[in-house]
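Visitor: Coordinates in target.txt, compact mmCIF, C-alpha atoms, are listed below.
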# COMPACT_ATOMS: atom_id res chain seq x y z
CA MET A 1 -144.15 -23.14 -110.28
CA THR A 2 -146.22 -25.89 -108.65
CA ASP A 3 -149.92 -25.97 -107.94
CA VAL A 4 -150.65 -27.02 -104.38
CA SER A 5 -154.08 -27.47 -102.87
CA THR A 6 -154.48 -25.80 -99.49
CA SER A 7 -156.59 -26.80 -96.51
CA ASN A 8 -159.32 -24.44 -97.61
CA GLY A 9 -159.51 -26.25 -100.93
CA VAL A 10 -158.08 -23.38 -102.96
CA ALA A 11 -155.14 -24.15 -105.21
CA ILE A 12 -152.16 -21.90 -104.61
CA ARG A 13 -149.10 -21.53 -106.77
CA THR A 14 -145.84 -21.93 -104.94
CA PRO A 15 -143.12 -20.75 -104.88
CA TRP A 16 -144.77 -17.36 -105.25
CA ARG A 17 -142.25 -15.13 -106.97
CA PRO A 18 -143.70 -11.88 -108.27
CA ARG A 19 -141.37 -10.01 -110.63
CA TRP A 20 -142.11 -6.65 -109.06
CA LEU A 21 -140.59 -7.83 -105.79
CA ALA A 22 -137.05 -7.55 -107.19
CA VAL A 23 -137.80 -4.02 -108.45
CA VAL A 24 -139.15 -3.02 -105.01
CA GLY A 25 -136.06 -4.53 -103.35
CA ILE A 26 -133.64 -2.60 -105.57
CA ALA A 27 -135.64 0.64 -105.11
CA ALA A 28 -135.59 0.10 -101.32
CA VAL A 29 -131.79 -0.32 -101.29
CA VAL A 30 -131.25 2.78 -103.48
CA THR A 31 -133.62 5.05 -101.51
CA THR A 32 -132.22 3.82 -98.16
CA ALA A 33 -128.64 4.51 -99.32
CA LEU A 34 -129.71 8.00 -100.46
CA THR A 35 -131.45 8.63 -97.11
CA VAL A 36 -128.29 7.67 -95.20
CA TRP A 37 -126.09 9.85 -97.45
CA LEU A 38 -128.41 12.87 -97.20
CA GLY A 39 -129.18 12.31 -93.52
CA LEU A 40 -125.61 11.90 -92.31
CA TRP A 41 -123.55 14.05 -94.70
CA VAL A 42 -125.61 16.49 -96.79
CA THR A 43 -128.24 18.02 -94.47
CA PRO A 44 -127.05 20.67 -91.99
CA PRO A 45 -127.15 20.16 -88.20
CA ASP A 46 -130.27 21.46 -86.47
CA GLU A 47 -130.10 24.84 -84.73
CA VAL A 48 -131.39 23.42 -81.43
CA GLN A 49 -130.63 19.68 -81.47
CA GLY A 50 -127.43 19.77 -83.51
CA ASN A 51 -126.50 16.42 -85.08
CA LEU A 52 -129.07 14.54 -82.99
CA ALA A 53 -131.77 15.82 -85.35
CA ARG A 54 -130.33 13.41 -87.94
CA LEU A 55 -132.06 10.60 -86.04
CA LEU A 56 -135.36 12.18 -87.09
CA TYR A 57 -134.68 11.10 -90.69
CA ILE A 58 -135.01 7.52 -89.45
CA HIS A 59 -137.24 7.26 -86.38
CA PRO A 60 -140.51 8.81 -87.70
CA ALA A 61 -140.29 6.72 -90.90
CA VAL A 62 -139.79 3.50 -88.93
CA ALA A 63 -142.69 4.45 -86.63
CA THR A 64 -144.91 5.21 -89.66
CA VAL A 65 -144.32 1.69 -90.99
CA ALA A 66 -145.00 0.10 -87.59
CA LEU A 67 -148.10 2.10 -86.90
CA TYR A 68 -149.89 2.98 -90.12
CA TRP A 69 -148.66 0.64 -92.85
CA ALA A 70 -148.42 -2.58 -90.82
CA GLY A 71 -151.41 -1.70 -88.63
CA GLY A 72 -153.47 -0.68 -91.66
CA VAL A 73 -152.73 -3.81 -93.69
CA ALA A 74 -153.38 -6.05 -90.66
CA LEU A 75 -156.73 -4.35 -90.00
CA LEU A 76 -157.78 -4.40 -93.65
CA GLY A 77 -156.80 -8.07 -94.08
CA SER A 78 -158.60 -9.07 -90.88
CA LEU A 79 -161.80 -7.18 -91.70
CA LEU A 80 -161.87 -8.62 -95.22
CA TYR A 81 -161.36 -12.11 -93.79
CA LEU A 82 -164.17 -11.68 -91.28
CA TRP A 83 -166.53 -10.25 -93.91
CA PRO A 84 -168.30 -13.33 -95.36
CA ARG A 85 -168.33 -12.02 -98.95
CA THR A 86 -164.58 -11.48 -99.10
CA ARG A 87 -163.50 -14.34 -96.80
CA ALA A 88 -160.35 -15.93 -98.19
CA PHE A 89 -157.16 -17.24 -96.61
CA PHE A 90 -155.25 -14.67 -98.67
CA TRP A 91 -156.47 -11.94 -96.28
CA ASP A 92 -155.58 -13.99 -93.19
CA ARG A 93 -152.06 -14.62 -94.48
CA LEU A 94 -151.63 -10.97 -95.43
CA ALA A 95 -152.75 -9.78 -91.98
CA ALA A 96 -150.45 -12.27 -90.22
CA SER A 97 -147.52 -11.15 -92.36
CA ALA A 98 -148.25 -7.48 -91.64
CA VAL A 99 -148.42 -8.09 -87.88
CA GLU A 100 -145.03 -9.84 -87.83
CA VAL A 101 -143.36 -7.09 -89.87
CA GLY A 102 -145.16 -4.54 -87.67
CA ALA A 103 -143.77 -6.16 -84.51
CA VAL A 104 -140.22 -5.84 -85.86
CA PHE A 105 -140.77 -2.18 -86.75
CA SER A 106 -142.47 -1.44 -83.40
CA ALA A 107 -139.35 -2.78 -81.65
CA LEU A 108 -137.13 -0.68 -83.96
CA THR A 109 -139.32 2.37 -83.23
CA LEU A 110 -138.83 1.94 -79.48
CA VAL A 111 -135.06 1.42 -79.78
CA THR A 112 -134.42 4.33 -82.18
CA GLY A 113 -136.69 6.57 -80.08
CA SER A 114 -134.77 5.58 -76.98
CA LEU A 115 -131.45 6.38 -78.69
CA TRP A 116 -132.80 9.85 -79.45
CA GLY A 117 -134.45 10.31 -76.02
CA ARG A 118 -131.32 9.55 -73.97
CA PRO A 119 -129.29 12.59 -75.13
CA VAL A 120 -132.30 14.91 -75.69
CA TRP A 121 -134.55 14.07 -72.72
CA GLY A 122 -131.84 12.60 -70.49
CA VAL A 123 -133.59 9.24 -70.10
CA TRP A 124 -133.66 5.99 -72.09
CA TRP A 125 -137.28 5.42 -71.16
CA THR A 126 -140.15 7.25 -69.47
CA TRP A 127 -143.77 6.20 -68.94
CA ASP A 128 -144.92 8.83 -71.41
CA ALA A 129 -148.28 8.18 -73.13
CA ARG A 130 -146.72 7.90 -76.62
CA LEU A 131 -143.96 5.54 -75.47
CA THR A 132 -146.25 3.41 -73.32
CA SER A 133 -148.93 3.03 -76.00
CA THR A 134 -146.21 2.06 -78.53
CA ALA A 135 -144.84 -0.55 -76.11
CA LEU A 136 -148.40 -1.83 -75.70
CA LEU A 137 -148.66 -2.08 -79.48
CA LEU A 138 -145.54 -4.29 -79.54
CA LEU A 139 -146.93 -6.49 -76.75
CA LEU A 140 -150.25 -6.88 -78.60
CA GLU A 141 -148.41 -7.83 -81.79
CA LEU A 142 -146.35 -10.43 -79.91
CA GLY A 143 -149.59 -11.75 -78.41
CA TYR A 144 -151.06 -12.08 -81.91
CA LEU A 145 -148.00 -14.04 -83.08
CA ALA A 146 -148.28 -16.34 -80.03
CA LEU A 147 -151.98 -16.87 -80.72
CA ARG A 148 -151.18 -17.81 -84.29
CA ARG A 149 -148.91 -20.62 -83.08
CA VAL A 150 -151.67 -22.23 -81.02
CA PRO A 151 -152.68 -25.40 -82.92
CA ALA A 152 -156.21 -25.09 -84.28
CA ASP A 153 -158.30 -25.66 -87.36
CA PRO A 154 -157.11 -23.13 -90.01
CA GLN A 155 -160.50 -21.40 -90.15
CA ILE A 156 -160.77 -21.09 -86.36
CA ARG A 157 -157.18 -19.84 -86.15
CA ALA A 158 -157.82 -17.27 -88.88
CA ARG A 159 -160.98 -16.00 -87.14
CA ARG A 160 -159.25 -15.73 -83.75
CA CYS A 161 -156.30 -13.90 -85.27
CA ALA A 162 -158.57 -11.51 -87.19
CA VAL A 163 -160.25 -10.50 -83.91
CA ALA A 164 -156.81 -10.09 -82.27
CA ALA A 165 -155.67 -7.86 -85.16
CA ILE A 166 -158.72 -5.63 -84.63
CA LEU A 167 -157.69 -5.27 -80.96
CA ILE A 168 -154.20 -4.25 -82.16
CA ALA A 169 -155.75 -1.70 -84.52
CA ILE A 170 -157.63 -0.08 -81.62
CA ASP A 171 -154.25 0.86 -80.13
CA VAL A 172 -153.10 2.60 -83.34
CA PRO A 173 -155.24 5.79 -82.96
CA ILE A 174 -154.37 5.81 -79.24
CA VAL A 175 -150.65 5.95 -80.16
CA HIS A 176 -151.34 8.61 -82.81
CA PHE A 177 -153.44 10.93 -80.64
CA SER A 178 -151.60 10.24 -77.36
CA VAL A 179 -149.55 13.42 -77.78
CA ASP A 180 -152.77 15.47 -78.16
CA TRP A 181 -154.88 13.71 -75.50
CA TRP A 182 -152.27 13.76 -72.71
CA ASN A 183 -149.41 16.02 -71.66
CA THR A 184 -146.44 14.13 -73.01
CA LEU A 185 -142.69 14.50 -73.14
CA HIS A 186 -142.86 13.32 -76.74
CA GLN A 187 -143.41 16.18 -79.17
CA SER A 188 -146.53 16.34 -81.38
CA GLY A 189 -146.32 15.99 -85.18
CA THR A 190 -142.73 15.93 -86.47
CA ILE A 191 -143.42 17.36 -89.95
CA LEU A 192 -146.82 19.02 -89.56
CA ASP A 193 -148.37 20.68 -86.51
CA PRO A 194 -152.12 20.27 -85.76
CA GLY A 195 -152.77 23.32 -87.99
CA PHE A 196 -151.00 21.54 -90.90
CA ASN A 197 -148.10 24.00 -90.90
CA LEU A 198 -144.70 22.64 -91.87
CA HIS A 199 -142.08 22.30 -89.10
CA VAL A 200 -139.31 21.14 -91.44
CA HIS A 201 -137.96 22.85 -94.56
CA GLY A 202 -135.45 22.57 -97.40
CA SER A 203 -133.05 19.63 -97.60
CA MET A 204 -134.21 18.42 -94.16
CA LEU A 205 -137.77 18.09 -95.45
CA TRP A 206 -136.75 16.25 -98.64
CA THR A 207 -134.51 13.88 -96.71
CA MET A 208 -137.31 13.12 -94.29
CA LEU A 209 -139.79 12.50 -97.12
CA LEU A 210 -137.24 10.26 -98.87
CA SER A 211 -136.84 8.25 -95.66
CA PHE A 212 -140.61 7.66 -95.63
CA VAL A 213 -140.39 6.34 -99.21
CA ALA A 214 -137.36 4.15 -98.34
CA PHE A 215 -138.96 2.52 -95.31
CA THR A 216 -142.28 2.10 -97.12
CA LEU A 217 -140.46 0.18 -99.87
CA ILE A 218 -138.63 -1.90 -97.23
CA PHE A 219 -142.02 -2.66 -95.66
CA VAL A 220 -143.55 -3.77 -98.98
CA TRP A 221 -140.57 -6.04 -99.70
CA LEU A 222 -140.59 -7.59 -96.21
CA LEU A 223 -144.37 -8.02 -96.31
CA ALA A 224 -144.21 -9.85 -99.64
CA MET A 225 -141.38 -12.09 -98.39
CA ARG A 226 -143.28 -12.90 -95.21
CA TYR A 227 -146.47 -13.58 -97.17
CA ARG A 228 -144.53 -16.03 -99.32
CA ILE A 229 -143.49 -17.96 -96.18
CA GLU A 230 -147.13 -18.11 -95.06
CA VAL A 231 -148.07 -19.66 -98.43
CA LEU A 232 -145.23 -22.19 -98.15
CA GLN A 233 -146.15 -23.09 -94.55
CA ASP A 234 -149.74 -23.85 -95.58
CA ALA A 235 -148.56 -25.84 -98.59
CA VAL A 236 -146.14 -27.90 -96.44
CA GLY A 237 -148.88 -28.52 -93.85
CA ASP A 238 -151.22 -29.86 -96.52
CA GLN A 239 -148.53 -31.95 -98.19
CA GLU A 240 -147.60 -33.46 -94.80
CA LEU A 241 -151.21 -34.42 -94.24
CA GLU A 242 -151.38 -35.97 -97.68
CA VAL A 243 -148.14 -37.93 -97.12
CA SER A 244 -149.33 -39.14 -93.69
CA LEU A 245 -152.64 -40.31 -95.15
CA SER A 246 -150.88 -42.03 -98.03
CA GLU A 247 -148.45 -43.81 -95.65
CA ARG A 248 -151.34 -44.89 -93.44
CA TRP A 249 -153.14 -46.13 -96.52
CA ASN A 250 -150.09 -48.20 -97.54
CA GLU A 251 -149.74 -49.66 -94.03
CA ASP A 252 -153.39 -50.71 -94.07
CA ALA A 253 -152.95 -52.24 -97.50
CA GLU A 254 -149.91 -54.24 -96.31
CA LEU A 255 -151.83 -55.50 -93.27
CA VAL A 256 -154.63 -56.64 -95.54
CA GLY A 257 -152.03 -58.47 -97.69
CA VAL A 258 -150.38 -60.17 -94.63
CA GLY A 259 -153.79 -61.12 -93.29
CA GLY A 260 -154.15 -63.42 -96.33
CA SER A 261 -157.19 -61.84 -97.84
CA GLY A 262 -155.24 -61.96 -101.06
CA GLY A 263 -156.33 -58.59 -102.30
CA ALA A 264 -158.22 -55.46 -101.61
CA VAL A 265 -161.37 -55.44 -99.60
CA ASP A 266 -164.45 -54.29 -101.47
CA GLY A 267 -164.25 -50.62 -102.17
CA ASP A 268 -160.62 -50.30 -100.99
CA GLU A 269 -157.95 -49.31 -103.43
CA VAL A 270 -154.49 -50.62 -102.64
CA ARG A 271 -151.88 -48.16 -103.81
CA GLY A 272 -148.13 -48.48 -103.99
CA PRO A 273 -145.91 -51.55 -103.66
CA MET B 1 -120.07 5.50 -81.64
CA SER B 2 -122.57 8.34 -81.40
CA TYR B 3 -126.30 8.01 -80.70
CA VAL B 4 -126.94 9.01 -84.31
CA ASP B 5 -124.72 6.25 -85.73
CA ALA B 6 -126.30 3.73 -83.36
CA GLY B 7 -129.80 4.78 -84.47
CA TYR B 8 -128.99 4.33 -88.17
CA ILE B 9 -127.31 0.97 -87.51
CA VAL B 10 -130.26 -0.29 -85.45
CA ALA B 11 -132.94 0.82 -87.95
CA ILE B 12 -131.23 -0.24 -91.17
CA GLY B 13 -129.30 -3.18 -89.71
CA GLY B 14 -132.44 -4.45 -87.95
CA SER B 15 -134.46 -4.30 -91.19
CA PHE B 16 -131.64 -6.05 -93.06
CA LEU B 17 -131.29 -8.83 -90.46
CA TYR B 18 -135.06 -9.41 -90.44
CA GLY B 19 -135.03 -9.56 -94.27
CA LEU B 20 -132.16 -12.07 -94.12
CA SER B 21 -134.05 -14.20 -91.61
CA LEU B 22 -137.09 -14.20 -93.93
CA PHE B 23 -134.89 -15.26 -96.85
CA LEU B 24 -133.45 -18.18 -94.85
CA ARG B 25 -136.86 -19.21 -93.51
CA ARG B 26 -138.29 -19.17 -97.04
CA ARG B 27 -135.47 -21.42 -98.28
CA ARG B 28 -136.08 -23.93 -95.49
CA TRP B 29 -139.81 -24.11 -96.20
CA GLU B 30 -139.17 -24.46 -99.93
CA ARG B 31 -136.78 -27.34 -99.23
CA ALA B 32 -139.36 -28.99 -96.94
CA LEU B 33 -142.01 -28.67 -99.64
CA ARG B 34 -139.68 -30.14 -102.27
CA VAL B 35 -138.97 -33.13 -100.01
CA LEU B 36 -142.67 -33.74 -99.40
CA GLU B 37 -143.51 -33.41 -103.09
CA SER B 38 -140.86 -35.95 -104.09
CA SER B 39 -141.83 -39.60 -104.49
CA PRO B 40 -141.50 -41.88 -101.37
CA GLU B 41 -138.40 -43.58 -102.85
CA GLU B 42 -136.58 -40.26 -103.26
CA ARG B 43 -137.63 -39.04 -99.82
CA PRO B 44 -135.10 -39.33 -96.95
CA ALA B 45 -136.07 -41.61 -94.04
CA VAL B 46 -136.74 -38.64 -91.75
CA ALA B 47 -137.98 -35.57 -93.57
CA GLU B 48 -136.30 -32.39 -92.37
CA HIS B 49 -138.93 -30.04 -90.99
CA PRO B 50 -138.21 -26.31 -90.66
Any chance you could give the structure as structure tokens?
Guide:
Amino acid sequence: MTDVSTSNGVAIRTPWRPRWLAVVGIAAVVTTALTVWLGLWVTPPDEVQGNLARLLYIHPAVATVALYWAGGVALLGSLLYLWPRTRAFFWDRLAASAVEVGAVFSALTLVTGSLWGRPVWGVWWTWDARLTSTALLLLLELGYLALRRVPADPQIRARRCAVAAILIAIDVPIVHFSVDWWNTLHQSGTILDPGFNLHVHGSMLWTMLLSFVAFTLIFVWLLAMRYRIEVLQDAVGDQELEVSLSERWNEDAELVGVGGSGGAVDGDEVRGP
Amino acid sequence: MSYVDAGYIVAIGGSFLYGLSLFLRRRRWERALRVLESSPEERPAVAEHP
């Protein structure tokens, strides 16, 4: 472990390697393997959809990560960064990490949904409210990631991105309630109806719940890995600045030496050979 | 390949590939940090930047 000072003056320890991350990774692999086994071989085919219902052990869990987990962490991190009392670059990094993971899962949601829609609805894509608002979510997330790459002072960048994440979060309830607010091809709640009655039972229900656990664990692992890269990026940026300043300092010192002053100017400290 | 198989491959394979990309990106940034933290004599002429 190395202590590195960041641009905001807070020392961070890098590489950041929490022990629980390995445990989460192993649990994610085990639960995902169990989901695949139960989903493809153990659970019976659906009465109406046949084997196509097996896609519902995957798609809603992926969508839950994209929408609620990633969206929730991004919103929470951004609000806590904007709130003066809790302002810390930790929240900005966490939100940025959540948005990137969310963008990947939004894309996976659209692709897995499309793979289910083609045989069931007869189309790969339709401008349905649920599908369109999910595509908008992906576009907003990509916009956030582009905004993050615009060179700026770290504090300005963090503030801009926090505002962008709040805009992303506005789309989350629109995606959620789209099936209630508009007439959509997409069905309403997969597990519960608006009256909180269960649609799914028995081994199908347990497999679906296990898939939610598996993809939540995958999300936590990916989020932690992505956060670690954010920490490293900041540390490298600061070290580069330090190295550049030190090299500039040495060049100046050499020029002073060549100029025949015979030593350091008052107040200047000549470092290095 | 059925739609079901394709869906499982996309969801799980996509998550795995993204995880792998994060692992490789992390290694590159760690290497860059190690290079920058080393003394100027140990540092290569052109530091590799991820």
Visitor: Using only C-alpha atoms, pick whichever of B:Gly13, B:Trp29, B:Leu24, B:Met1 has the shortest atom-to-atom distance to chain A.
Guide: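 Between B:Gly13, B:Trp29, B:Leu24, B:Met1, the residue approaching chain A most closely is B:Trp29.
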Visitor: Each residue of chain B lying at most 8 Å from chain A should get a row with its shortest atom-to-atom pair and the distance in Å to one decimal, counting all atoms listed in the file; could you produce that, ordered by chain and increasing number, as CSV?
Guide:
residue,atom,partner,partner_atom,distance
B:Tyr3,CA,A:Leu115,CA,5.8
B:Val4,CA,A:Leu55,CA,5.6
B:Ala6,CA,A:Leu115,CA,7.4
B:Gly7,CA,A:Thr112,CA,5.2
B:Tyr8,CA,A:Ile58,CA,6.9
B:Val10,CA,A:Thr112,CA,7.0
B:Ala11,CA,A:Leu108,CA,6.0
B:Gly14,CA,A:Leu108,CA,7.2
B:Ser15,CA,A:Ile218,CA,7.7
B:Tyr18,CA,A:Val104,CA,7.8
B:Gly19,CA,A:Leu222,CA,6.2
B:Leu22,CA,A:Arg226,CA,6.5
B:Phe23,CA,A:Met225,CA,7.4
B:Arg25,CA,A:Ile229,CA,7.3
B:Arg26,CA,A:Ile229,CA,5.4
B:Trp29,CA,A:Leu232,CA,6.1
B:Glu30,CA,A:Leu232,CA,6.7
B:Ala32,CA,A:Val236,CA,6.9
B:Leu33,CA,A:Val236,CA,5.3
B:Leu36,CA,A:Gln239,CA,6.2
B:Glu37,CA,A:Gln239,CA,7.2
Visitor: In Å to one decimal, how far is CA of Ala98 in chain A from CA of Leu21 in chain A?
Guide: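 Between CA of Leu21 in chain A and CA of Ala98 in chain A the gap works out to 16.1 Å.
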Visitor: To one decimal place in Å, what is the distance between CA of Ser188 in chain A and CA of Trp69 in chain A?
Guide: 19.6 Å
Visitor: Residues near range 76-90 of chain A, anyone? I mean within 12 Å using all atoms listed in the file, not counting same-chain ones fewer than 6 positions away, as a PyMOL selection string.
Guide: chain A and resi 6-12+68-70+96-99+154-169+227-228+230-231+234
Visitor: Just the selected residues (C-alpha atoms), exported as a short mmCIF file (atom, residue, chain, number, x, y, z; two decimals), in the coordinates of the input, please.
Guide:
data_model
loop_
_atom_site.label_atom_id
_atom_site.label_comp_id
_atom_site.auth_asym_id
_atom_site.auth_seq_id
_atom_site.Cartn_x
_atom_site.Cartn_y
_atom_site.Cartn_z
CA THR A 6 -154.48 -25.80 -99.49
CA SER A 7 -156.59 -26.80 -96.51
CA ASN A 8 -159.32 -24.44 -97.61
CA GLY A 9 -159.51 -26.25 -100.93
CA VAL A 10 -158.08 -23.38 -102.96
CA ALA A 11 -155.14 -24.15 -105.21
CA ILE A 12 -152.16 -21.90 -104.61
CA TYR A 68 -149.89 2.98 -90.12
CA TRP A 69 -148.66 0.64 -92.85
CA ALA A 70 -148.42 -2.58 -90.82
CA ALA A 96 -150.45 -12.27 -90.22
CA SER A 97 -147.52 -11.15 -92.36
CA ALA A 98 -148.25 -7.48 -91.64
CA VAL A 99 -148.42 -8.09 -87.88
CA PRO A 154 -157.11 -23.13 -90.01
CA GLN A 155 -160.50 -21.40 -90.15
CA ILE A 156 -160.77 -21.09 -86.36
CA ARG A 157 -157.18 -19.84 -86.15
CA ALA A 158 -157.82 -17.27 -88.88
CA ARG A 159 -160.98 -16.00 -87.14
CA ARG A 160 -159.25 -15.73 -83.75
CA CYS A 161 -156.30 -13.90 -85.27
CA ALA A 162 -158.57 -11.51 -87.19
CA VAL A 163 -160.25 -10.50 -83.91
CA ALA A 164 -156.81 -10.09 -82.27
CA ALA A 165 -155.67 -7.86 -85.16
CA ILE A 166 -158.72 -5.63 -84.63
CA LEU A 167 -157.69 -5.27 -80.96
CA ILE A 168 -154.20 -4.25 -82.16
CA ALA A 169 -155.75 -1.70 -84.52
CA TYR A 227 -146.47 -13.58 -97.17
CA ARG A 228 -144.53 -16.03 -99.32
CA GLU A 230 -147.13 -18.11 -95.06
CA VAL A 231 -148.07 -19.66 -98.43
CA ASP A 234 -149.74 -23.85 -95.58
#
Visitor: When you look at Ser178 in chain A with a cut-off of 9 Å (counting only C-alpha atoms), what residues show up, excluding the ones that are within fewer than 4 positions of it in the same chain? I need them as a list in words.
Guide: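 These residues fall inside the cut-off: Ala129, Arg130, Ser133, Pro173, Ile174, Trp182, Asn183, Thr184 and Ser188 of chain A.
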Visitor: Hey, can you check how far CA of Trp121 in chain A sits from CA of Gly71 in chain A?
Guide: 28.0 Å
